[in-house]
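Please read the structure below before turning to the comments.
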Amino acid sequence: RNLAILAILGDLKMSEIIMLTNTRLSFPQLVEARAYQEGQAKKFSADLILDPAGEDWKKVMHSVMQSAQEKWGDNAQAVLQMCQADRKLRAFGNGAEKVDKKTFKPYEGYEGAVYVSANNANPPQMIESNGKSVDPTNTMAYQALARKMYGGCYVNAAIKFWIQDNKYGRGIRCELIALQFAKDGTPFGDAAPDASNLFGAVAAPAGGATPAGMAFPAFMS
């Protein structure tokens with residue numbers, strides 16, 4: 001299945017793409033792009049929560065180190081240390097950094113984990129369970145699959161790290177290339193309140209005059 005996803009992404013070099021398998025999704029912004037601060041460009045985004053001892057995290061760190069070495073050479077270690085000191089300069093980190101401002105504790109699912117924050121100015125590819133990509137111009141089909149991916153579910157994800165080195169500074173960013181729903185998980189956050197016990201059955205309408213004063217035809221009574 002992962003090879004099928006990579007084949008769909010043929011315009012990009014496979015060596016640039018990292019496949020994450022059965023990773024937990026958090027803070028998905030996939031139906032429509034959003035700017036989190038005034039003046040920022042709107043983007044589609046999501047966090048991917050990983051096991052710090054897992055193979056996917058090893059792939060992430062290998063890609064980060066390799067990209068930094070290729071860009072900054074002998075200065076790579078110094079720049080990485082600078083990024084490590086400021087999480088705004090990197091698209092990955094320790095889950096303990098993601099603190100809920102209301103509880104002052106790590107967000108649900110982040111404690112003891114690591115994460116990657118990925119985004120894209122364009123809609124990321126949505127991959128169906130059969131490995132086929134949904135046409136993003138088919139808005140209804142695309143959004144139906146995007147809405148299936150909630151915070152707490154598990155996905156397969158294709159991401160690509162890239163190096164920022166421009167007038168805005170240096171950093172390590174991550175592009176969200178594609179997502180595929182893998183399986184359900186316990187949703188993050190409080191469950192929606194269940195008010196079904198407050199309702200009874202709706203009585204069937206009695207025969208007789210309609211609101212306009214006309215009698216129902218016999219076959220409708």
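Labels used: A, B, ... for chains in the order of the structure tokens, numbers from 1 for residues in each chain, and numbers from 1 for ligands as shown.
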
Contact check, range 31-104 of chain A to range 155-178 of chain A, at most 6 Å, counting only C-alpha atoms, closest pairs as CSV:
```
residue,atom,partner,partner_atom,distance
A:Leu89,CA,A:Gly171,CA,4.6
A:Arg90,CA,A:Ile172,CA,4.7
A:Ala91,CA,A:Arg173,CA,5.1
```

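Closest approach to Lys43 in chain A among A:Asn120, A:Thr186, A:Ser63, A:Ser133 is made by A:Asn120 (distances from only C-alpha atoms).
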
Q. With only C-alpha atoms as the atoms that count, which of A:Lys183, A:Lys105, A:Lys98, A:His62 lies nearest to Tyr154 in chain A?
A. A:Lys183

Q | Contacts of range 142-152 of chain A at 10 Å (only C-alpha atoms; same-chain gap of 6+ positions) as a count of residues only | A | 37

**Q.** DSSP-assigned strand (DSSP E or B) among range 85-124 of chain A, expressed as a VMD selection string
**A.** chain A and resid 90 92 to 94 99 106 114 to 120

From a DSSP calculation on the backbone, collect every residue of range 100-207 of chain A in helix (DSSP H, G or I) and output the set as a CSV table (one decimal) with C-alpha atoms, in the first residue's frame.
```
chain,number,residue,atom,x,y,z
A,139,THR,CA,-14.7,18.8,-3.7
A,140,MET,CA,-17.4,16.6,-2.2
A,141,ALA,CA,-15.3,13.4,-2.5
A,142,TYR,CA,-12.2,15.2,-1.2
A,143,GLN,CA,-13.8,16.7,1.8
A,144,ALA,CA,-15.7,13.5,2.7
A,145,LEU,CA,-12.4,11.7,3.0
A,146,ALA,CA,-10.7,14.7,4.8
A,147,ARG,CA,-13.5,14.7,7.4
A,148,LYS,CA,-13.0,11.1,8.0
A,196,SER,CA,-30.7,11.6,22.9
A,197,ASN,CA,-32.4,10.7,26.3
A,198,LEU,CA,-34.1,14.0,26.3
```

Q: Identify which of the residues A:Phe44, A:Tyr36, A:Phe104, A:Tyr115 lies closest to Asp56 in chain A, counting only C-alpha atoms when measuring atom-to-atom distances.
A: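 Once distances to Asp56 in chain A are computed over only C-alpha atoms, the minimum belongs to A:Tyr115.
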
(Q) Can you measure CA of Glu97 in chain A to CA of Ala113 in chain A for me? One decimal in Å is fine. (A) 10.2 Å
